[in-house]
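To be precise, the following lines are input.cif, and they hold mmCIF, C-alpha atoms.
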```cif
data_run
loop_
_atom_site.label_atom_id
_atom_site.label_comp_id
_atom_site.auth_asym_id
_atom_site.auth_seq_id
_atom_site.Cartn_x
_atom_site.Cartn_y
_atom_site.Cartn_z
CA MET A 1 16.47 43.44 52.50
CA THR A 2 17.10 44.70 48.96
CA LYS A 3 20.66 45.11 47.73
CA GLU A 4 21.70 47.13 44.69
CA LEU A 5 24.64 46.19 42.48
CA ALA A 6 27.35 48.79 41.87
CA LEU A 7 27.81 48.99 38.10
CA ASP A 8 29.80 51.21 35.74
CA THR A 9 26.60 52.25 33.96
CA GLN A 10 23.23 53.65 35.01
CA LYS A 11 21.61 52.16 31.92
CA ILE A 12 21.52 48.73 33.54
CA ILE A 13 20.12 48.21 37.04
CA GLY A 14 20.84 45.12 39.12
CA ARG A 15 18.84 44.57 42.30
CA VAL A 16 18.43 41.52 44.55
CA ASP A 17 15.25 41.31 46.61
CA ALA A 18 14.84 39.38 49.85
CA ASP A 19 12.57 36.84 48.13
CA GLY A 20 15.44 35.44 46.05
CA ILE A 21 14.64 37.42 42.89
CA GLY A 22 17.49 39.15 41.09
CA TRP A 23 16.34 41.93 38.76
CA LEU A 24 18.09 42.85 35.52
CA ILE A 25 16.53 46.11 34.34
CA PHE A 26 17.29 47.74 30.97
CA ASN A 27 17.26 51.42 31.83
CA GLN A 28 17.36 53.59 28.71
CA PRO A 29 13.63 54.40 28.40
CA GLU A 30 14.22 57.57 26.38
CA ARG A 31 15.47 55.26 23.57
CA HIS A 32 12.97 52.48 24.31
CA ASN A 33 15.76 50.59 26.11
CA ALA A 34 17.76 50.10 22.92
CA LEU A 35 20.90 48.18 23.84
CA SER A 36 24.04 50.31 23.80
CA LEU A 37 27.57 48.98 24.15
CA GLU A 38 27.75 49.97 27.82
CA MET A 39 24.47 48.16 28.42
CA TRP A 40 25.91 44.97 26.93
CA GLN A 41 28.82 45.36 29.36
CA GLY A 42 26.38 45.83 32.23
CA ILE A 43 24.36 42.74 31.30
CA GLY A 44 27.49 40.59 31.52
CA ASP A 45 28.48 42.16 34.84
CA VAL A 46 25.07 41.61 36.42
CA LEU A 47 24.74 37.99 35.34
CA GLU A 48 28.29 37.20 36.43
CA SER A 49 27.44 38.59 39.87
CA TYR A 50 24.16 36.68 40.09
CA ALA A 51 25.75 33.40 39.04
CA ASP A 52 27.92 33.45 42.19
CA ASP A 53 25.27 34.84 44.55
CA PRO A 54 23.43 32.15 46.58
CA ASP A 55 20.75 34.69 47.47
CA VAL A 56 19.65 34.79 43.83
CA ARG A 57 17.35 31.88 43.00
CA VAL A 58 15.72 33.32 39.86
CA VAL A 59 16.34 36.35 37.61
CA VAL A 60 13.67 38.61 36.11
CA MET A 61 14.63 40.80 33.14
CA ARG A 62 12.48 43.81 32.27
CA GLY A 63 12.65 47.21 30.60
CA ALA A 64 12.26 50.49 32.44
CA GLY A 65 9.52 52.95 31.50
CA GLY A 66 6.82 50.49 30.44
CA LYS A 67 7.06 51.26 26.70
CA ALA A 68 9.62 48.62 25.77
CA PHE A 69 11.40 45.52 27.02
CA VAL A 70 14.22 46.21 24.58
CA SER A 71 13.59 47.79 21.19
CA GLY A 72 16.75 46.36 19.64
CA ALA A 73 20.30 47.60 19.27
CA ASP A 74 21.04 51.30 19.80
CA ILE A 75 21.36 52.24 16.13
CA SER A 76 22.64 55.71 17.04
CA GLU A 77 25.95 54.01 17.92
CA PHE A 78 26.35 52.15 14.64
CA ASP A 79 28.22 54.92 12.80
CA SER A 80 30.73 55.37 15.62
CA LYS A 81 31.03 51.84 17.05
CA ARG A 82 29.76 49.37 14.45
CA SER A 83 30.43 50.85 11.00
CA SER A 84 33.01 48.33 9.74
CA ALA A 85 34.01 44.71 10.11
CA ALA A 86 36.82 45.67 12.54
CA GLN A 87 34.45 47.68 14.73
CA LYS A 88 31.91 44.87 14.50
CA ASP A 89 34.49 42.49 15.95
CA GLU A 90 35.31 44.82 18.86
CA TYR A 91 31.63 45.43 19.54
CA GLY A 92 31.13 41.68 19.35
CA LYS A 93 33.66 40.99 22.10
CA ILE A 94 31.63 42.97 24.64
CA ALA A 95 28.21 41.93 23.38
CA GLY A 96 29.49 38.37 23.00
CA ARG A 97 30.44 38.16 26.68
CA ALA A 98 26.92 39.26 27.66
CA ASN A 99 25.35 36.80 25.24
CA ARG A 100 27.51 33.97 26.56
CA TRP A 101 26.25 34.72 30.07
CA LEU A 102 22.67 34.83 28.79
CA ALA A 103 23.19 31.47 27.08
CA ARG A 104 25.00 29.62 29.87
CA PHE A 105 23.42 31.18 32.98
CA ASP A 106 22.33 28.13 34.99
CA LYS A 107 19.63 29.72 37.13
CA PRO A 108 16.11 30.22 35.78
CA MET A 109 15.42 33.50 33.98
CA ILE A 110 12.10 35.19 33.26
CA ALA A 111 11.54 37.97 30.75
CA LEU A 112 8.79 40.41 31.79
CA ILE A 113 7.82 42.05 28.50
CA GLU A 114 5.83 45.26 28.10
CA GLY A 115 5.73 47.11 24.80
CA TYR A 116 8.43 46.69 22.15
CA CYS A 117 10.50 43.51 22.11
CA ILE A 118 12.30 43.95 18.83
CA GLY A 119 15.50 42.68 17.18
CA GLY A 120 18.18 42.28 19.82
CA GLY A 121 15.43 42.66 22.41
CA LEU A 122 13.65 39.57 21.13
CA ALA A 123 16.96 37.72 20.95
CA THR A 124 17.60 38.68 24.59
CA ALA A 125 14.10 37.63 25.63
CA LEU A 126 14.58 34.26 23.92
CA SER A 127 17.53 33.58 26.24
CA ALA A 128 15.08 33.59 29.15
CA ASP A 129 13.45 30.33 30.20
CA ILE A 130 9.99 31.88 30.57
CA ARG A 131 8.53 34.90 28.76
CA ILE A 132 5.56 36.74 30.25
CA ALA A 133 4.07 39.56 28.17
CA SER A 134 1.40 42.23 28.31
CA PRO A 135 -1.25 42.09 25.53
CA ASP A 136 0.07 45.29 23.92
CA SER A 137 3.60 43.95 23.47
CA THR A 138 5.12 43.93 19.98
CA PHE A 139 7.59 41.34 18.68
CA GLY A 140 9.77 41.13 15.59
CA ILE A 141 13.27 41.08 14.08
CA PRO A 142 13.62 43.88 11.48
CA ALA A 143 17.17 42.95 10.43
CA ALA A 144 16.16 42.70 6.77
CA ARG A 145 15.10 46.37 6.86
CA LEU A 146 18.56 47.41 8.08
CA GLY A 147 20.79 45.18 5.99
CA LEU A 148 22.60 43.65 8.96
CA GLY A 149 23.35 39.96 9.33
CA TYR A 150 22.20 37.74 12.17
CA GLU A 151 24.70 35.36 13.76
CA TYR A 152 23.95 31.63 13.69
CA GLU A 153 23.47 31.13 17.43
CA GLY A 154 20.73 33.74 17.70
CA LEU A 155 18.83 32.25 14.77
CA ALA A 156 19.33 28.71 16.09
CA ARG A 157 17.65 29.75 19.34
CA LEU A 158 14.73 31.23 17.40
CA ILE A 159 14.39 28.09 15.26
CA ARG A 160 14.38 25.85 18.33
CA MET A 161 11.61 28.00 19.76
CA VAL A 162 9.24 28.37 16.81
CA GLY A 163 10.49 25.98 14.12
CA PRO A 164 12.13 26.73 10.76
CA ALA A 165 8.96 27.74 8.89
CA ARG A 166 8.02 30.44 11.38
CA ALA A 167 11.65 31.54 11.73
CA ARG A 168 11.71 32.13 7.97
CA ASP A 169 8.53 34.19 8.24
CA ILE A 170 9.96 36.32 11.07
CA MET A 171 13.34 36.89 9.40
CA PHE A 172 12.31 37.23 5.73
CA SER A 173 9.26 39.45 6.24
CA ALA A 174 10.72 41.53 9.11
CA ARG A 175 7.11 42.03 10.21
CA PHE A 176 5.90 42.73 13.74
CA MET A 177 3.54 40.52 15.79
CA ASP A 178 1.32 41.15 18.78
CA ALA A 179 1.44 39.14 22.01
CA SER A 180 -1.44 36.89 20.97
CA GLU A 181 0.33 35.71 17.82
CA ALA A 182 3.65 35.49 19.66
CA ARG A 183 2.06 33.21 22.25
CA GLU A 184 0.41 31.09 19.58
CA MET A 185 3.76 30.47 17.86
CA GLY A 186 5.60 29.73 21.11
CA LEU A 187 7.57 32.94 21.59
CA VAL A 188 5.61 33.80 24.76
CA ASN A 189 4.51 31.51 27.61
CA LEU A 190 1.98 33.69 29.45
CA VAL A 191 0.05 36.92 28.80
CA TYR A 192 -1.32 39.16 31.57
CA PRO A 193 -2.93 42.61 31.50
CA ARG A 194 -0.68 45.56 32.33
CA GLU A 195 -2.24 46.01 35.76
CA GLU A 196 -1.51 42.38 36.68
CA ILE A 197 1.71 41.47 34.90
CA GLU A 198 4.21 42.63 37.54
CA ARG A 199 2.30 40.98 40.38
CA GLU A 200 1.84 37.74 38.45
CA THR A 201 5.47 37.66 37.33
CA ILE A 202 6.73 38.16 40.88
CA ALA A 203 4.39 35.43 42.12
CA TYR A 204 5.69 33.08 39.42
CA ALA A 205 9.31 33.95 40.25
CA GLU A 206 8.67 33.43 43.98
CA ARG A 207 7.22 30.01 43.19
CA ILE A 208 10.44 29.07 41.39
CA ALA A 209 12.60 30.60 44.15
CA GLY A 210 10.82 28.44 46.74
CA ASN A 211 11.66 25.20 44.94
CA ALA A 212 14.89 23.22 45.31
CA PRO A 213 17.59 25.21 43.47
CA LEU A 214 19.70 22.16 42.65
CA THR A 215 16.72 20.38 41.10
CA VAL A 216 15.81 23.43 39.01
CA ARG A 217 19.43 23.80 37.87
CA ALA A 218 19.64 20.14 36.84
CA ALA A 219 16.34 20.40 34.96
CA LYS A 220 17.50 23.52 33.08
CA ALA A 221 20.76 21.80 32.16
CA ALA A 222 18.88 18.74 30.85
CA ILE A 223 16.51 20.84 28.74
CA ASN A 224 19.42 22.85 27.36
CA ALA A 225 21.32 19.63 26.57
CA TRP A 226 18.39 18.35 24.53
CA GLU A 227 18.05 21.68 22.68
CA ARG A 228 21.76 21.71 21.84
CA GLY A 229 21.74 18.25 20.30
CA GLU A 230 22.63 16.05 23.29
CA ARG A 231 26.35 16.73 23.16
CA GLU A 232 28.38 14.34 25.29
CA GLU A 233 29.83 17.04 27.55
CA ASP A 234 26.34 18.43 28.22
CA LEU A 235 24.98 15.00 29.10
CA ARG A 236 27.87 14.37 31.49
CA ARG A 237 27.11 17.67 33.22
CA VAL A 238 23.44 16.74 33.59
CA HIS A 239 24.44 13.40 35.14
CA THR A 240 26.70 15.18 37.64
CA LEU A 241 24.01 17.70 38.57
CA VAL A 242 21.41 14.96 39.09
CA ASP A 243 23.83 13.10 41.39
CA GLU A 244 24.34 16.33 43.35
CA CYS A 245 20.58 16.51 43.89
CA PHE A 246 20.43 13.02 45.37
CA ASP A 247 23.43 13.70 47.61
CA SER A 248 22.12 17.07 48.81
CA GLU A 249 20.75 18.24 52.13
CA ASP A 250 17.81 19.65 50.17
CA TYR A 251 16.78 16.14 49.12
CA LYS A 252 16.75 15.11 52.79
CA GLU A 253 14.77 18.25 53.65
CA GLY A 254 12.28 17.55 50.86
CA ARG A 255 11.64 14.03 52.17
CA ARG A 256 11.29 15.27 55.76
CA ALA A 257 8.90 18.03 54.73
CA PHE A 258 6.79 15.53 52.79
CA ARG A 259 6.52 13.23 55.80
CA GLU A 260 5.75 16.13 58.13
CA LYS A 261 3.23 17.68 55.71
CA ARG A 262 4.93 21.09 55.67
CA THR A 263 6.55 23.42 53.16
CA PRO A 264 10.24 22.50 52.65
CA ASP A 265 12.98 25.01 53.40
CA PHE A 266 15.47 24.50 50.60
CA ARG A 267 18.96 25.97 50.94
CA GLY A 268 20.58 25.03 47.66
CA ARG A 269 23.04 22.55 49.11
#
```
Would you mind writing the file out in structure tokens?
Amino acid sequence: MTKELALDTQKIIGRVDADGIGWLIFNQPERHNALSLEMWQGIGDVLESYADDPDVRVVVMRGAGGKAFVSGADISEFDSKRSSAAQKDEYGKIAGRANRWLARFDKPMIALIEGYCIGGGLATALSADIRIASPDSTFGIPAARLGLGYEYEGLARLIRMVGPARARDIMFSARFMDASEAREMGLVNLVYPREEIERETIAYAERIAGNAPLTVRAAKAAINAWERGEREEDLRRVHTLVDECFDSEDYKEGRRAFREKRTPDFRGR
């Protein structure tokens, strides 16, 4: 049974399917899903809900309309909501909450990308663990054409993904790339034709949802700890999560299923 989240905006859609997939849909197709302030609020609300929902095993982010994942920030708001340092700080509080959820969300996330994935859209896609794109997708960060500055954390994520030389190319040139080049440089994991991408993404998400949630969570935490420089608090968390795996009912179920030559039924505990 599908359940819809009640949100204060219609520009973000949250939906949980019976197969353990939680959808986060950017729903402003008339503006190529450019991220408005209320959308940033909705992103934080959806991820906060999914973090506490045991029915959600994996999250898929996508853009409505098929023309864009996210085309960047909603520039039409800049004069009214982001025209000074003071407004930037207020805007940053709301967008910052959403970005903190994107950064610390401990369940696996997939970005299903069709069309434009530009600026803040690319930064959002990079917060996903897996990026699956259609061949006609377009990637880039045109900040240098707008004169705005990029915060350190967003650029650090890009650098970890593609390396400093390619990050310089992306940021300095402000050029756009197709899915083939994006995959070659490590921005994209998989590319599927338009007519296959939704089916293949759901199949991939269902594969993740069928695995042991505690194991997947511990693996994500370990990978994130390495990316963030092996900070002591991150390593302690990984150790705790690994111990929880070995003490879990799922570990017992996995061993039983192996002996009985059947598919395990993992419950996340």
Check which residues of region 190-249 of chain A sit at most 10 Å from region 130-147 of chain A using all atoms listed in the file, and return one row each with the closest pair of atoms and their distance in Å to one decimal, ordered by chain and rising number, as a tab-separated table.
```
residue	atom	partner	partner_atom	distance
A:Leu190	CA	A:Ile132	CA	4.8
A:Val191	CA	A:Ala133	CA	4.9
A:Tyr192	CA	A:Ser134	CA	5.2
A:Pro193	CA	A:Ser134	CA	5.4
A:Arg194	CA	A:Ser134	CA	5.6
A:Glu195	CA	A:Ser134	CA	9.1
A:Glu196	CA	A:Ser134	CA	8.9
A:Ile197	CA	A:Ser134	CA	6.6
A:Glu198	CA	A:Ile132	CA	9.5
A:Glu200	CA	A:Ile132	CA	9.1
A:Thr201	CA	A:Ile132	CA	7.1
A:Tyr204	CA	A:Ile132	CA	9.9
A:Ala205	CA	A:Ile130	CA	9.9
```
Set the distance at 12 Å and use only C-alpha atoms: which residues neighbour region 235-243 of chain A once local chain neighbours fewer than 6 positions away are removed? I'd like the list as JSON, numbers by chain.
{"A": [106, 213, 214, 215, 216, 217, 218, 219, 220, 221, 222, 223, 224, 225, 226, 227, 228, 229, 251, 269]}
Separation of CA of Ser49 (chain A) from CA of Ala34 (chain A) in Å:
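These atoms are spaced 22.7 Å apart.
Minimum atom-to-atom distances from A:Tyr150, A:Glu90, A:Leu126, A:Lys11 to Phe172 (chain A) were compared using only C-alpha atoms, and the lowest value belongs to A:Tyr150.
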Neighbour list for Tyr50 (chain A) as a PyMOL selection string, cut-off 12 Å, only C-alpha atoms, skip fewer than 2 positions in-chain
chain A and resi 3-5+14-17+20-24+43-48+52-60+101-102+105-109
Length of the CA of Ser127 (chain A) to CA of Met185 (chain A) vector [Å]
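So the answer is 16.4 Å.
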What does the distance between CA of Ala165 (chain A) and CA of Ile118 (chain A) come to in Å, to one decimal place?
19.3 Å
Go through A:Ala64, A:Ala103, A:Met177, A:Ala209 and flag the residue nearest Glu153 (chain A), using all atoms listed in the file for the distances.
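Comparing A:Ala64, A:Ala103, A:Met177, A:Ala209 against Glu153 (chain A), the winner is A:Ala103.
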Given the file shown, enumerate the residues that the PyMOL selection byres ((chain A and resi 41) around 12) captures and present them as a CSV table (one decimal) with C-alpha atoms, in the coordinates of the input.
```csv
chain,number,residue,atom,x,y,z
A,7,LEU,CA,27.8,49.0,38.1
A,8,ASP,CA,29.8,51.2,35.7
A,9,THR,CA,26.6,52.2,34.0
A,10,GLN,CA,23.2,53.6,35.0
A,11,LYS,CA,21.6,52.2,31.9
A,12,ILE,CA,21.5,48.7,33.5
A,13,ILE,CA,20.1,48.2,37.0
A,26,PHE,CA,17.3,47.7,31.0
A,35,LEU,CA,20.9,48.2,23.8
A,36,SER,CA,24.0,50.3,23.8
A,37,LEU,CA,27.6,49.0,24.2
A,38,GLU,CA,27.8,50.0,27.8
A,39,MET,CA,24.5,48.2,28.4
A,40,TRP,CA,25.9,45.0,26.9
A,42,GLY,CA,26.4,45.8,32.2
A,43,ILE,CA,24.4,42.7,31.3
A,44,GLY,CA,27.5,40.6,31.5
A,45,ASP,CA,28.5,42.2,34.8
A,46,VAL,CA,25.1,41.6,36.4
A,47,LEU,CA,24.7,38.0,35.3
A,48,GLU,CA,28.3,37.2,36.4
A,91,TYR,CA,31.6,45.4,19.5
A,92,GLY,CA,31.1,41.7,19.4
A,93,LYS,CA,33.7,41.0,22.1
A,94,ILE,CA,31.6,43.0,24.6
A,95,ALA,CA,28.2,41.9,23.4
A,96,GLY,CA,29.5,38.4,23.0
A,97,ARG,CA,30.4,38.2,26.7
A,98,ALA,CA,26.9,39.3,27.7
A,99,ASN,CA,25.4,36.8,25.2
A,100,ARG,CA,27.5,34.0,26.6
A,101,TRP,CA,26.2,34.7,30.1
```
Please evaluate the PyMOL selection byres ((chain A and resi 264) around 9) against the displayed coordinates and give the resulting residues as a ChimeraX atom specification.
/A:210-212,250,253-258,262-263,265-266
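Nearest to Leu187 (chain A) of all the residues A:Gly72, A:Gly65, A:Gly163, A:Gly120 is A:Gly163, based on only C-alpha atoms.
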On this structure, the PyMOL selection byres ((chain A and resi 62) around 6) would catch which residues? List them as an MDAnalysis selection string, sorted by chain and number.
chainID A and resid 25 61 63 69 112
With C-alpha atoms kept, could you save the residues just selected as a CSV table (one decimal), keeping the file's coordinate frame?
```
chain,number,residue,atom,x,y,z
A,25,ILE,CA,16.5,46.1,34.3
A,61,MET,CA,14.6,40.8,33.1
A,63,GLY,CA,12.6,47.2,30.6
A,69,PHE,CA,11.4,45.5,27.0
A,112,LEU,CA,8.8,40.4,31.8
```
Counting only C-alpha atoms, note down every residue that has an atom within 6 Å of the point (4.2, 38.0, 14.9) (file coordinates), as a PyMOL selection string.
chain A and resi 176-178+181-182
May I have the protein, DNA and RNA residues with any atom at most 7 Å from the point (8.3, 46.6, 24.6), counting all atoms listed in the file, written as a ChimeraX atom specification?
/A:67-71,113-117,137-138
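Near Leu155 (chain A), within a cut-off of 9 Å and counting only C-alpha atoms, sit the residues Ala123, Tyr150, Glu151, Ile159, Arg160, Ala167 and Met171 of chain A, with same-chain residues fewer than 4 positions away left out.
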With C-alpha atoms kept, could you save the residues just selected as a PDB file, keeping the file's coordinate frame?
```pdb
ATOM      1  CA  ALA A 123      16.960  37.720  20.950  1.00  0.00           C
ATOM      2  CA  TYR A 150      22.200  37.740  12.170  1.00  0.00           C
ATOM      3  CA  GLU A 151      24.700  35.360  13.760  1.00  0.00           C
ATOM      4  CA  ILE A 159      14.390  28.090  15.260  1.00  0.00           C
ATOM      5  CA  ARG A 160      14.380  25.850  18.330  1.00  0.00           C
ATOM      6  CA  ALA A 167      11.650  31.540  11.730  1.00  0.00           C
ATOM      7  CA  MET A 171      13.340  36.890   9.400  1.00  0.00           C
TER       8      MET A 171
END
```
